[in-house]
$ cat start25.tsv   # TSV, C-alpha atoms
chain	number	residue	atom	x	y	z
Q	1	MET	CA	-2.08	-20.41	-35.69
Q	2	LYS	CA	-1.57	-17.08	-33.98
Q	3	ILE	CA	-2.74	-16.70	-30.40
Q	4	SER	CA	-3.07	-13.73	-28.07
Q	5	PHE	CA	-4.98	-12.46	-25.02
Q	6	PRO	CA	-6.73	-9.27	-23.87
Q	7	TYR	CA	-4.39	-6.58	-22.58
Q	8	MET	CA	-4.32	-5.94	-18.82
Q	9	GLU	CA	-1.54	-3.84	-17.25
Q	10	SER	CA	1.36	-5.68	-18.91
Q	11	PRO	CA	1.44	-8.48	-21.50
Q	12	VAL	CA	4.84	-9.78	-20.39
Q	13	VAL	CA	3.82	-12.74	-18.19
Q	14	TYR	CA	1.23	-14.24	-20.56
Q	15	TYR	CA	3.36	-13.55	-23.63
Q	16	LYS	CA	6.39	-15.25	-22.10
Q	17	ILE	CA	4.47	-18.39	-21.07
Q	18	PHE	CA	2.96	-18.84	-24.54
Q	19	GLU	CA	6.29	-18.10	-26.23
Q	20	LEU	CA	8.14	-20.65	-24.09
Q	21	LEU	CA	5.51	-23.23	-25.08
Q	22	GLY	CA	6.28	-22.64	-28.74
Q	23	HIS	CA	3.22	-20.67	-29.79
Q	24	ASP	CA	3.16	-17.92	-32.40
Q	25	VAL	CA	2.16	-15.15	-29.99
Q	26	VAL	CA	0.90	-11.69	-30.91
Q	27	LYS	CA	1.44	-9.07	-28.22
Q	28	PRO	CA	-1.90	-7.25	-27.75
Q	29	PRO	CA	-1.98	-3.48	-28.16
Q	30	ARG	CA	-2.63	-1.37	-25.09
Q	31	PRO	CA	-6.27	-0.17	-25.09
Q	32	THR	CA	-6.86	3.32	-26.46
Q	33	GLN	CA	-9.94	5.42	-27.14
Q	34	LYS	CA	-10.29	3.49	-30.40
Q	35	THR	CA	-10.43	0.25	-28.40
Q	36	PHE	CA	-13.11	1.69	-26.12
Q	37	SER	CA	-15.14	2.89	-29.12
Q	38	LEU	CA	-15.04	-0.53	-30.79
Q	39	GLY	CA	-16.21	-2.22	-27.60
Q	40	VAL	CA	-18.96	0.30	-26.94
Q	41	LYS	CA	-20.16	0.00	-30.54
Q	42	TYR	CA	-20.81	-3.75	-30.39
Q	43	ALA	CA	-21.36	-4.58	-26.69
Q	44	PRO	CA	-24.70	-4.30	-24.88
Q	45	GLU	CA	-25.17	-0.78	-23.54
Q	46	PHE	CA	-25.31	-1.75	-19.87
Q	47	ALA	CA	-22.56	-4.39	-20.01
Q	48	CYS	CA	-19.63	-3.94	-17.63
Q	49	PHE	CA	-16.98	-1.56	-18.93
Q	50	PRO	CA	-14.20	-4.23	-18.81
Q	51	LEU	CA	-16.28	-6.40	-21.17
Q	52	LYS	CA	-16.40	-3.51	-23.64
Q	53	VAL	CA	-12.67	-2.80	-23.40
Q	54	THR	CA	-11.59	-6.44	-23.82
Q	55	LEU	CA	-14.09	-6.89	-26.67
Q	56	GLY	CA	-12.58	-3.90	-28.48
Q	57	ASN	CA	-9.13	-5.36	-27.86
Q	58	MET	CA	-10.22	-8.67	-29.40
Q	59	ILE	CA	-11.46	-6.92	-32.53
Q	60	GLU	CA	-8.09	-5.18	-32.85
Q	61	LEU	CA	-6.30	-8.51	-32.42
Q	62	GLU	CA	-8.31	-10.06	-35.25
Q	63	GLU	CA	-7.09	-7.23	-37.47
Q	64	MET	CA	-3.54	-8.28	-36.47
Q	65	GLY	CA	-4.12	-11.82	-37.75
Q	66	VAL	CA	-4.90	-13.57	-34.44
Q	67	ASP	CA	-6.91	-16.81	-34.70
Q	68	LYS	CA	-7.35	-17.72	-31.05
Q	69	ILE	CA	-7.67	-15.64	-27.87
Q	70	ILE	CA	-6.92	-17.02	-24.40
Q	71	THR	CA	-8.83	-15.40	-21.55
Q	72	SER	CA	-10.04	-16.11	-18.02
Q	73	GLY	CA	-13.55	-16.71	-16.73
Q	74	GLY	CA	-15.31	-16.20	-13.44
Q	75	TYR	CA	-17.95	-17.66	-11.18
Q	76	GLY	CA	-20.57	-16.56	-8.67
Q	77	PRO	CA	-22.83	-13.49	-8.96
Q	78	CYS	CA	-20.27	-11.45	-10.94
Q	79	ARG	CA	-21.07	-11.19	-14.65
Q	80	ALA	CA	-17.39	-11.70	-15.56
Q	81	GLY	CA	-18.21	-15.39	-15.94
Q	82	TYR	CA	-20.34	-14.49	-18.97
Q	83	TYR	CA	-17.70	-12.38	-20.73
Q	84	GLY	CA	-16.24	-15.19	-22.85
Q	85	PRO	CA	-19.54	-16.62	-24.21
Q	86	VAL	CA	-21.06	-13.15	-24.76
Q	87	GLN	CA	-17.96	-11.86	-26.55
Q	88	GLN	CA	-17.80	-15.00	-28.71
Q	89	LYS	CA	-21.45	-14.50	-29.72
Q	90	ILE	CA	-20.84	-10.83	-30.56
Q	91	LEU	CA	-17.75	-11.62	-32.63
Q	92	ASP	CA	-19.63	-14.36	-34.51
Q	93	ASP	CA	-22.53	-11.99	-35.20
Q	94	ILE	CA	-20.31	-9.26	-36.69
Q	95	GLY	CA	-18.45	-11.76	-38.87
Q	96	ILE	CA	-15.14	-11.96	-37.01
Q	97	ASP	CA	-13.67	-15.46	-37.25
Q	98	ILE	CA	-11.80	-15.84	-33.99
Q	99	ASP	CA	-12.04	-18.45	-31.21
Q	100	ILE	CA	-12.09	-17.52	-27.52
Q	101	VAL	CA	-10.66	-20.09	-25.12
Q	102	VAL	CA	-11.80	-19.45	-21.54
Q	103	PHE	CA	-9.76	-20.77	-18.62
Q	104	GLU	CA	-12.17	-21.14	-15.71
Q	105	GLN	CA	-11.14	-21.59	-12.11
Q	106	VAL	CA	-11.41	-25.33	-11.39
Q	107	ARG	CA	-14.35	-26.01	-9.08
Q	108	GLY	CA	-14.85	-29.77	-9.26
Q	109	ASP	CA	-14.97	-30.52	-13.01
Q	110	TRP	CA	-11.50	-30.77	-14.53
Q	111	LYS	CA	-12.61	-31.79	-18.03
Q	112	ASP	CA	-12.74	-28.37	-19.69
Q	113	PHE	CA	-9.66	-27.18	-17.82
Q	114	LEU	CA	-7.55	-30.15	-18.95
Q	115	GLU	CA	-8.83	-29.73	-22.52
Q	116	ASN	CA	-7.60	-26.14	-22.48
Q	117	VAL	CA	-4.27	-27.24	-20.99
Q	118	ARG	CA	-3.81	-29.67	-23.88
Q	119	LEU	CA	-4.39	-26.80	-26.29
Q	120	LEU	CA	-1.94	-24.61	-24.40
Q	121	LYS	CA	0.63	-27.41	-24.19
Q	122	LYS	CA	0.73	-27.73	-27.97
Q	123	ASN	CA	3.48	-30.22	-28.96
Q	124	THR	CA	5.74	-29.68	-25.99
Q	125	ASN	CA	6.27	-32.24	-23.23
Q	126	ILE	CA	4.79	-32.02	-19.75
Q	127	PHE	CA	8.17	-31.02	-18.27
Q	128	ASN	CA	8.39	-27.95	-20.50
Q	129	LEU	CA	4.77	-27.09	-19.72
Q	130	ILE	CA	5.47	-27.07	-15.99
Q	131	ARG	CA	8.75	-25.20	-16.50
Q	132	SER	CA	7.12	-22.52	-18.67
Q	133	VAL	CA	4.22	-21.95	-16.28
Q	134	TYR	CA	6.61	-21.81	-13.30
Q	135	ILE	CA	8.79	-19.21	-15.04
Q	136	GLY	CA	5.62	-17.21	-15.70
Q	137	TYR	CA	4.62	-17.53	-12.04
Q	138	ARG	CA	8.00	-16.31	-10.81
Q	139	LEU	CA	7.90	-13.55	-13.42
Q	140	ALA	CA	4.53	-12.31	-12.14
Q	141	HIS	CA	5.83	-12.08	-8.57
Q	142	SER	CA	9.07	-10.43	-9.63
Q	143	MET	CA	7.37	-7.79	-11.78
Q	144	ASP	CA	4.85	-6.99	-9.06
Q	145	ARG	CA	7.59	-6.47	-6.48
Q	146	ILE	CA	9.26	-4.01	-8.84
Q	147	LEU	CA	5.94	-2.31	-9.64
Q	148	LYS	CA	5.18	-1.83	-5.93
Q	149	LEU	CA	8.63	-0.31	-5.44
Q	150	LEU	CA	8.08	1.98	-8.43
Q	151	HIS	CA	4.73	3.22	-7.05
Q	152	LYS	CA	6.55	4.29	-3.89
Q	153	ARG	CA	9.81	5.69	-5.24
Q	154	ARG	CA	8.33	7.56	-8.22
Q	155	ALA	CA	6.36	9.75	-5.81
Q	156	HIS	CA	9.61	11.24	-4.51
Q	157	ALA	CA	11.71	11.22	-7.69
Q	158	TYR	CA	13.00	14.46	-9.17
Q	159	ASP	CA	12.31	13.21	-12.69
Q	160	LYS	CA	9.05	11.27	-12.52
Q	161	ARG	CA	8.77	10.89	-16.29
Q	162	ALA	CA	12.15	9.16	-16.36
Q	163	MET	CA	10.86	6.71	-13.76
Q	164	SER	CA	7.83	5.93	-15.93
Q	165	GLU	CA	10.06	5.41	-18.96
Q	166	LEU	CA	12.26	3.16	-16.84
Q	167	TRP	CA	9.25	0.87	-16.21
Q	168	ASP	CA	8.88	0.42	-19.98
Q	169	GLU	CA	12.56	-0.51	-20.19
Q	170	ILE	CA	12.20	-2.95	-17.30
Q	171	GLN	CA	9.28	-4.69	-19.01
Q	172	ASN	CA	11.34	-5.12	-22.17
Q	173	LYS	CA	14.14	-6.69	-20.10
Q	174	PHE	CA	11.68	-9.12	-18.51
Q	175	LEU	CA	10.45	-10.08	-21.98
Q	176	GLU	CA	13.91	-11.46	-22.73
Q	177	VAL	CA	14.08	-13.93	-19.82
Q	178	GLU	CA	14.42	-17.63	-20.55
Q	179	SER	CA	14.82	-19.07	-17.05
Q	180	VAL	CA	14.07	-18.46	-13.37
Q	181	ARG	CA	17.68	-17.32	-12.96
Q	182	ASP	CA	17.10	-14.70	-15.65
Q	183	VAL	CA	14.01	-13.47	-13.78
Q	184	SER	CA	16.03	-12.98	-10.58
Q	185	ARG	CA	18.83	-11.25	-12.47
Q	186	VAL	CA	16.48	-8.76	-14.18
Q	187	GLU	CA	14.65	-8.06	-10.91
Q	188	LYS	CA	17.93	-7.24	-9.19
Q	189	TRP	CA	18.94	-4.96	-12.07
Q	190	ALA	CA	15.53	-3.25	-12.09
Q	191	ARG	CA	15.63	-2.61	-8.35
Q	192	GLN	CA	19.07	-1.02	-8.68
Q	193	GLN	CA	17.91	1.17	-11.57
Q	194	ILE	CA	14.96	2.48	-9.54
Q	195	GLU	CA	17.01	3.11	-6.42
Q	196	ASN	CA	19.69	4.91	-8.47
Q	197	GLN	CA	17.17	7.53	-9.63
Q	198	LYS	CA	17.59	10.85	-7.84
Q	199	LYS	CA	14.87	11.35	-5.25
Q	200	ALA	CA	14.11	12.95	-1.90
Q	201	ILE	CA	12.34	10.50	0.38
Q	202	PRO	CA	10.65	12.27	3.32
Q	203	ALA	CA	10.40	10.95	6.86
Q	204	GLU	CA	7.81	8.21	7.31
Q	205	GLN	CA	5.39	10.47	9.19
Q	206	ASP	CA	5.54	13.05	6.39
Q	207	LYS	CA	4.72	10.66	3.54
Q	208	LEU	CA	1.32	10.71	1.85
Q	209	LYS	CA	-0.05	7.22	1.17
Q	210	VAL	CA	-3.18	6.32	-0.77
Q	211	GLY	CA	-4.65	2.90	-1.48
Q	212	VAL	CA	-6.53	2.12	-4.70
Q	213	VAL	CA	-9.35	-0.45	-4.47
Q	214	GLY	CA	-12.18	-1.64	-6.71
Q	215	GLU	CA	-12.86	-3.99	-9.61
Q	216	ILE	CA	-9.69	-5.76	-10.73
Q	217	TYR	CA	-9.58	-4.67	-14.39
Q	218	VAL	CA	-10.03	-0.93	-13.87
Q	219	VAL	CA	-7.65	-1.01	-10.89
Q	220	MET	CA	-4.88	-2.78	-12.81
Q	221	GLU	CA	-5.27	-1.48	-16.37
Q	222	GLY	CA	-3.96	2.07	-16.50
Q	223	SER	CA	-5.56	2.96	-19.84
Q	224	THR	CA	-9.01	2.67	-18.23
Q	225	ASN	CA	-8.24	4.76	-15.13
Q	226	ASN	CA	-6.07	7.40	-16.83
Q	227	PHE	CA	-2.97	5.89	-15.20
Q	228	ILE	CA	-4.06	6.84	-11.71
Q	229	GLU	CA	-0.84	5.65	-10.05
Q	230	GLU	CA	1.17	8.07	-12.19
Q	231	LEU	CA	-1.25	10.93	-11.45
Q	232	LEU	CA	-0.98	10.35	-7.70
Q	233	ASN	CA	2.80	9.85	-7.85
Q	234	GLU	CA	3.08	13.19	-9.66
Q	235	MET	CA	1.37	14.75	-6.63
Q	236	GLY	CA	4.02	13.23	-4.34
Q	237	VAL	CA	1.73	10.42	-3.14
Q	238	GLU	CA	2.83	6.82	-2.61
Q	239	VAL	CA	0.32	4.32	-4.03
Q	240	GLU	CA	-0.61	0.73	-3.28
Q	241	ARG	CA	-3.33	-1.23	-5.09
Q	242	SER	CA	-5.71	-3.91	-3.88
Q	243	HIS	CA	-4.95	-6.02	-6.97
Q	244	TYR	CA	-1.73	-7.36	-8.46
Q	245	LEU	CA	-1.46	-10.27	-10.89
Q	246	SER	CA	0.76	-12.37	-8.61
Q	247	GLU	CA	-1.60	-11.93	-5.66
Q	248	TYR	CA	-4.59	-12.86	-7.83
Q	249	ILE	CA	-2.82	-16.06	-8.90
Q	250	ASP	CA	-1.95	-16.99	-5.31
Q	251	SER	CA	-5.37	-16.18	-3.84
Q	252	HIS	CA	-7.40	-17.89	-6.59
Q	253	MET	CA	-5.24	-20.68	-8.04
Q	254	ILE	CA	-2.73	-21.86	-5.41
Q	255	PRO	CA	-4.60	-23.74	-2.65
Q	256	TRP	CA	-1.85	-23.47	-0.01
Q	257	LYS	CA	-1.45	-19.74	-0.70
Q	258	LYS	CA	-5.11	-18.76	-0.32
Q	259	LYS	CA	-4.94	-18.50	3.47
Q	260	GLU	CA	-2.43	-15.64	3.19
Q	261	TYR	CA	-5.20	-13.46	1.73
Q	262	GLU	CA	-8.19	-14.60	3.79
Q	263	HIS	CA	-7.58	-11.91	6.42
Q	264	ILE	CA	-8.65	-9.26	3.88
Q	265	LEU	CA	-12.03	-10.95	3.34
Q	266	GLU	CA	-12.40	-11.44	7.10
Q	267	LYS	CA	-11.95	-7.70	7.61
Q	268	GLY	CA	-14.63	-7.05	5.00
Q	269	GLU	CA	-17.10	-9.14	7.04
Q	270	ARG	CA	-17.65	-6.12	9.27
Q	271	TYR	CA	-19.67	-4.38	6.55
Q	272	LEU	CA	-20.49	-7.11	4.04
Q	273	LYS	CA	-21.37	-10.55	5.38
Q	274	HIS	CA	-21.91	-12.25	2.02
Q	275	VAL	CA	-19.83	-12.60	-1.12
Q	276	ILE	CA	-21.87	-10.70	-3.71
Q	277	GLY	CA	-19.51	-11.21	-6.63
Q	278	GLY	CA	-16.63	-9.32	-8.12
Q	279	HIS	CA	-14.29	-7.76	-5.57
Q	280	ALA	CA	-16.77	-5.82	-3.42
Q	281	LYS	CA	-15.95	-7.59	-0.16
Q	282	ARG	CA	-12.22	-7.51	-0.90
Q	283	SER	CA	-12.40	-3.76	-1.60
Q	284	ILE	CA	-13.94	-3.13	1.82
Q	285	GLY	CA	-11.41	-5.42	3.50
Q	286	HIS	CA	-8.53	-3.56	1.88
Q	287	ILE	CA	-9.90	-0.18	3.01
Q	288	ILE	CA	-9.90	-1.41	6.62
Q	289	ASP	CA	-6.40	-2.83	6.10
Q	290	TYR	CA	-5.11	0.46	4.67
Q	291	LYS	CA	-6.51	2.35	7.65
Q	292	GLN	CA	-4.83	-0.04	10.08
Q	293	ARG	CA	-1.53	0.38	8.23
Q	294	GLY	CA	-1.62	4.17	8.47
Q	295	PHE	CA	-2.68	5.13	4.93
Q	296	ASP	CA	-4.05	8.65	4.51
Q	297	GLY	CA	-6.88	7.92	2.06
Q	298	VAL	CA	-8.42	5.48	-0.41
Q	299	VAL	CA	-9.57	5.81	-4.01
Q	300	HIS	CA	-12.37	3.42	-4.98
Q	301	LEU	CA	-12.67	2.64	-8.70
Q	302	LYS	CA	-15.82	1.08	-10.09
Q	303	PRO	CA	-16.48	0.40	-13.76
Q	304	PHE	CA	-19.79	1.56	-15.13
Q	305	GLY	CA	-22.19	-1.37	-14.99
Q	306	CYS	CA	-20.37	-3.27	-12.21
Q	307	LEU	CA	-23.11	-4.24	-9.76
Q	308	PRO	CA	-20.87	-5.55	-6.90
Q	309	GLU	CA	-18.87	-2.30	-6.80
Q	310	VAL	CA	-22.08	-0.24	-6.89
Q	311	VAL	CA	-23.13	-2.10	-3.73
Q	312	SER	CA	-19.78	-1.46	-2.05
Q	313	GLN	CA	-19.91	2.21	-3.09
Q	314	SER	CA	-23.18	2.60	-1.19
Q	315	MET	CA	-21.27	1.79	2.00
Q	316	MET	CA	-18.31	4.11	1.42
Q	317	ASP	CA	-19.68	7.12	3.31
Q	318	SER	CA	-20.38	5.12	6.46
Q	319	ILE	CA	-17.03	3.29	6.19
Q	320	SER	CA	-15.21	6.60	5.77
Q	321	GLU	CA	-16.96	8.03	8.82
Q	322	ASP	CA	-16.47	4.93	10.98
Q	323	LEU	CA	-12.78	4.57	10.15
Q	324	ASP	CA	-12.02	8.29	9.87
Q	325	ILE	CA	-10.35	7.89	6.50
Q	326	PRO	CA	-11.18	9.90	3.34
Q	327	ILE	CA	-12.54	7.79	0.46
Q	328	LEU	CA	-13.02	8.99	-3.12
Q	329	SER	CA	-15.29	6.87	-5.35
Q	330	LEU	CA	-14.85	7.24	-9.10
Q	331	SER	CA	-16.99	5.66	-11.81
Q	332	ILE	CA	-14.95	4.53	-14.83
Q	333	ASP	CA	-16.22	4.34	-18.41
Q	334	GLU	CA	-15.17	5.33	-21.93
Q	335	GLN	CA	-15.95	9.00	-21.20
Q	336	THR	CA	-13.74	9.32	-18.12
Q	337	ALA	CA	-11.41	12.19	-19.07
Q	338	LYS	CA	-7.91	12.58	-17.67
Q	339	ALA	CA	-8.46	16.26	-16.82
Q	340	HIS	CA	-11.58	15.36	-14.83
Q	341	MET	CA	-9.76	12.55	-13.01
Q	342	LYS	CA	-6.80	14.81	-12.19
Q	343	THR	CA	-9.08	17.57	-10.85
Q	344	ARG	CA	-10.93	15.13	-8.59
Q	345	LEU	CA	-7.66	13.68	-7.29
Q	346	GLU	CA	-6.14	17.12	-6.64
Q	347	ALA	CA	-9.19	18.16	-4.61
Q	348	PHE	CA	-9.06	14.85	-2.75
Q	349	MET	CA	-5.38	15.28	-1.90
Q	350	ASP	CA	-6.01	18.84	-0.69
Q	351	LEU	CA	-8.59	17.40	1.70
Q	352	ILE	CA	-6.14	14.74	2.92
Q	353	LYS	CA	-3.34	17.27	3.44
Q	354	GLN	CA	-5.64	19.57	5.39
Q	355	LYS	CA	-6.78	16.67	7.58
Q	356	LYS	CA	-3.19	15.61	8.22
Q	357	GLU	CA	-2.15	19.15	9.18
Q	358	GLU	CA	-5.06	19.43	11.61
Q	359	GLU	CA	-4.11	16.12	13.22
Q	360	ILE	CA	-0.50	17.27	13.67
Q	361	ALA	CA	-1.64	20.62	15.09

$ encode --input "start25.tsv" --output "structure tokens"
Amino acid sequence: MKISFPYMESPVVYYKIFELLGHDVVKPPRPTQKTFSLGVKYAPEFACFPLKVTLGNMIELEEMGVDKIITSGGYGPCRAGYYGPVQQKILDDIGIDIDIVVFEQVRGDWKDFLENVRLLKKNTNIFNLIRSVYIGYRLAHSMDRILKLLHKRRAHAYDKRAMSELWDEIQNKFLEVESVRDVSRVEKWARQQIENQKKAIPAEQDKLKVGVVGEIYVVMEGSTNNFIEELLNEMGVEVERSHYLSEYIDSHMIPWKKKEYEHILEKGERYLKHVIGGHAKRSIGHIIDYKQRGFDGVVHLKPFGCLPEVVSQSMMDSISEDLDIPILSLSIDEQTAKAHMKTRLEAFMDLIKQKKEEEIA
């Protein structure tokens, strides 16, 4: 039996966990325009864009011989909780024989979760299950630390393309790890490789910093947002996102870690009292946090059809005015062209630079 999972940012963590557990794992292909077209063809017209992308990815995986797909669920007002059942129904209707296994966040009933764990565990013992998941957990944190460093250093590198190619090399190195010690060793090597790249880092007050907030899939998956971090880095802008895999794991799955992220939701209370689903409240909280930390602007990404982010977008003008921070909202779908995205970002950065010059003067 071949298993896989929908692509999101990097397949390394999920691939490594399944591989260590002894599964025959197929690495999913990064979404392309073909992926988008497949998803759009079969998904409901007004479904969220991430549903369409992951559906297209699943169809591609079936063509690669995959029998079972592991994915995550959701709860609350956000429609992400329906992705798995809806996608399974669509695949059944178009004659694709593939099973979707949905890991839901445990909220009282452990039965389905433990059943999925037994499937994931395969024939290995409980010790190896815990070891494999822990290596994956450490891997997620390690890769995110390197990615955050890359999003800062690439902005000031002389050869930005080389820095992007270095990230591909780093991911391949992480794919080879077999232990927590290996993870630490590769992280140390990756950090050295990034710092060894020739760059000119300006004084702190001269740096341009932009935060990227919005729905988790279009924030993290570069193929959907035309690799926005690279576009901003090419303009000499340091980037930080509101979503990283390791932080999602800690804030949603590790009870004693959740409190470390509650301050973001508390900041969002100022404009949004209730949790309306998705990451709307978190997006607003991060905007306030970025302002308090001296960021120069924020880009808000919302997938077409995402109701929570549409609600948060309606507040962006007043938030921008209240906090005195420029905010650019971009709607993401299969027709979002790179040239259009780049033009909007260039105009946005011109605005930020002009504002910064006026403040200095």

$ atom_distance --input "start25.tsv" --atom1 "atom CA of Q:Arg282" --atom2 "atom CA of Q:Leu265"
5.5 Å

$ residues_around --input "start25.tsv" --residues "Q:Ser320" --least-positions-apart "3" --cutoff "12 Å" --atoms "only C-alpha atoms" --output "PDB file with C-alpha atoms, keeping the file's coordinate frame"
ATOM      1  CA  TYR Q 271     -19.670  -4.380   6.550  1.00  0.00           C
ATOM      2  CA  ILE Q 284     -13.940  -3.130   1.820  1.00  0.00           C
ATOM      3  CA  ILE Q 287      -9.900  -0.180   3.010  1.00  0.00           C
ATOM      4  CA  ILE Q 288      -9.900  -1.410   6.620  1.00  0.00           C
ATOM      5  CA  TYR Q 290      -5.110   0.460   4.670  1.00  0.00           C
ATOM      6  CA  LYS Q 291      -6.510   2.350   7.650  1.00  0.00           C
ATOM      7  CA  ASP Q 296      -4.050   8.650   4.510  1.00  0.00           C
ATOM      8  CA  GLY Q 297      -6.880   7.920   2.060  1.00  0.00           C
ATOM      9  CA  VAL Q 298      -8.420   5.480  -0.410  1.00  0.00           C
ATOM     10  CA  VAL Q 299      -9.570   5.810  -4.010  1.00  0.00           C
ATOM     11  CA  HIS Q 300     -12.370   3.420  -4.980  1.00  0.00           C
ATOM     12  CA  GLN Q 313     -19.910   2.210  -3.090  1.00  0.00           C
ATOM     13  CA  SER Q 314     -23.180   2.600  -1.190  1.00  0.00           C
ATOM     14  CA  MET Q 315     -21.270   1.790   2.000  1.00  0.00           C
ATOM     15  CA  MET Q 316     -18.310   4.110   1.420  1.00  0.00           C
ATOM     16  CA  ASP Q 317     -19.680   7.120   3.310  1.00  0.00           C
ATOM     17  CA  LEU Q 323     -12.780   4.570  10.150  1.00  0.00           C
ATOM     18  CA  ASP Q 324     -12.020   8.290   9.870  1.00  0.00           C
ATOM     19  CA  ILE Q 325     -10.350   7.890   6.500  1.00  0.00           C
ATOM     20  CA  PRO Q 326     -11.180   9.900   3.340  1.00  0.00           C
ATOM     21  CA  ILE Q 327     -12.540   7.790   0.460  1.00  0.00           C
ATOM     22  CA  LEU Q 328     -13.020   8.990  -3.120  1.00  0.00           C
ATOM     23  CA  SER Q 329     -15.290   6.870  -5.350  1.00  0.00           C
TER      24      SER Q 329
END

$ closest_residue --input "start25.tsv" --among "Q:Glu215, Q:Asp289, Q:Glu165, Q:Glu346" --to "Q:Ser331" --atoms "all atoms listed in the file"
Q:Glu215

$ residues_near_point --input "start25.tsv" --point "(1.8, 12.7, -3.0)" --cutoff "8 Å" --atoms "only C-alpha atoms" --output "MDAnalysis selection string"
chainID Q and resid 155 207:209 232:238 349

$ residues_around --input "start25.tsv" --residues "stretch 50-66 of chain Q" --least-positions-apart "6" --cutoff "10 Å" --atoms "all atoms listed in the file" --output "PyMOL selection string"
chain Q and resi 1-8+24-44+79-80+82-84+86-88+90-91+96-100+215-218+221+223-224+303-306+332-334

$ write_last_selection --input "start25.tsv" --atoms "C-alpha atoms" --output "PDB file, keeping the file's coordinate frame"
ATOM      1  CA  MET Q   1      -2.080 -20.410 -35.690  1.00  0.00           C
ATOM      2  CA  LYS Q   2      -1.570 -17.080 -33.980  1.00  0.00           C
ATOM      3  CA  ILE Q   3      -2.740 -16.700 -30.400  1.00  0.00           C
ATOM      4  CA  SER Q   4      -3.070 -13.730 -28.070  1.00  0.00           C
ATOM      5  CA  PHE Q   5      -4.980 -12.460 -25.020  1.00  0.00           C
ATOM      6  CA  PRO Q   6      -6.730  -9.270 -23.870  1.00  0.00           C
ATOM      7  CA  TYR Q   7      -4.390  -6.580 -22.580  1.00  0.00           C
ATOM      8  CA  MET Q   8      -4.320  -5.940 -18.820  1.00  0.00           C
ATOM      9  CA  ASP Q  24       3.160 -17.920 -32.400  1.00  0.00           C
ATOM     10  CA  VAL Q  25       2.160 -15.150 -29.990  1.00  0.00           C
ATOM     11  CA  VAL Q  26       0.900 -11.690 -30.910  1.00  0.00           C
ATOM     12  CA  LYS Q  27       1.440  -9.070 -28.220  1.00  0.00           C
ATOM     13  CA  PRO Q  28      -1.900  -7.250 -27.750  1.00  0.00           C
ATOM     14  CA  PRO Q  29      -1.980  -3.480 -28.160  1.00  0.00           C
ATOM     15  CA  ARG Q  30      -2.630  -1.370 -25.090  1.00  0.00           C
ATOM     16  CA  PRO Q  31      -6.270  -0.170 -25.090  1.00  0.00           C
ATOM     17  CA  THR Q  32      -6.860   3.320 -26.460  1.00  0.00           C
ATOM     18  CA  GLN Q  33      -9.940   5.420 -27.140  1.00  0.00           C
ATOM     19  CA  LYS Q  34     -10.290   3.490 -30.400  1.00  0.00           C
ATOM     20  CA  THR Q  35     -10.430   0.250 -28.400  1.00  0.00           C
ATOM     21  CA  PHE Q  36     -13.110   1.690 -26.120  1.00  0.00           C
ATOM     22  CA  SER Q  37     -15.140   2.890 -29.120  1.00  0.00           C
ATOM     23  CA  LEU Q  38     -15.040  -0.530 -30.790  1.00  0.00           C
ATOM     24  CA  GLY Q  39     -16.210  -2.220 -27.600  1.00  0.00           C
ATOM     25  CA  VAL Q  40     -18.960   0.300 -26.940  1.00  0.00           C
ATOM     26  CA  LYS Q  41     -20.160   0.000 -30.540  1.00  0.00           C
ATOM     27  CA  TYR Q  42     -20.810  -3.750 -30.390  1.00  0.00           C
ATOM     28  CA  ALA Q  43     -21.360  -4.580 -26.690  1.00  0.00           C
ATOM     29  CA  PRO Q  44     -24.700  -4.300 -24.880  1.00  0.00           C
ATOM     30  CA  ARG Q  79     -21.070 -11.190 -14.650  1.00  0.00           C
ATOM     31  CA  ALA Q  80     -17.390 -11.700 -15.560  1.00  0.00           C
ATOM     32  CA  TYR Q  82     -20.340 -14.490 -18.970  1.00  0.00           C
ATOM     33  CA  TYR Q  83     -17.700 -12.380 -20.730  1.00  0.00           C
ATOM     34  CA  GLY Q  84     -16.240 -15.190 -22.850  1.00  0.00           C
ATOM     35  CA  VAL Q  86     -21.060 -13.150 -24.760  1.00  0.00           C
ATOM     36  CA  GLN Q  87     -17.960 -11.860 -26.550  1.00  0.00           C
ATOM     37  CA  GLN Q  88     -17.800 -15.000 -28.710  1.00  0.00           C
ATOM     38  CA  ILE Q  90     -20.840 -10.830 -30.560  1.00  0.00           C
ATOM     39  CA  LEU Q  91     -17.750 -11.620 -32.630  1.00  0.00           C
ATOM     40  CA  ILE Q  96     -15.140 -11.960 -37.010  1.00  0.00           C
ATOM     41  CA  ASP Q  97     -13.670 -15.460 -37.250  1.00  0.00           C
ATOM     42  CA  ILE Q  98     -11.800 -15.840 -33.990  1.00  0.00           C
ATOM     43  CA  ASP Q  99     -12.040 -18.450 -31.210  1.00  0.00           C
ATOM     44  CA  ILE Q 100     -12.090 -17.520 -27.520  1.00  0.00           C
ATOM     45  CA  GLU Q 215     -12.860  -3.990  -9.610  1.00  0.00           C
ATOM     46  CA  ILE Q 216      -9.690  -5.760 -10.730  1.00  0.00           C
ATOM     47  CA  TYR Q 217      -9.580  -4.670 -14.390  1.00  0.00           C
ATOM     48  CA  VAL Q 218     -10.030  -0.930 -13.870  1.00  0.00           C
ATOM     49  CA  GLU Q 221      -5.270  -1.480 -16.370  1.00  0.00           C
ATOM     50  CA  SER Q 223      -5.560   2.960 -19.840  1.00  0.00           C
ATOM     51  CA  THR Q 224      -9.010   2.670 -18.230  1.00  0.00           C
ATOM     52  CA  PRO Q 303     -16.480   0.400 -13.760  1.00  0.00           C
ATOM     53  CA  PHE Q 304     -19.790   1.560 -15.130  1.00  0.00           C
ATOM     54  CA  GLY Q 305     -22.190  -1.370 -14.990  1.00  0.00           C
ATOM     55  CA  CYS Q 306     -20.370  -3.270 -12.210  1.00  0.00           C
ATOM     56  CA  ILE Q 332     -14.950   4.530 -14.830  1.00  0.00           C
ATOM     57  CA  ASP Q 333     -16.220   4.340 -18.410  1.00  0.00           C
ATOM     58  CA  GLU Q 334     -15.170   5.330 -21.930  1.00  0.00           C
TER      59      GLU Q 334
END
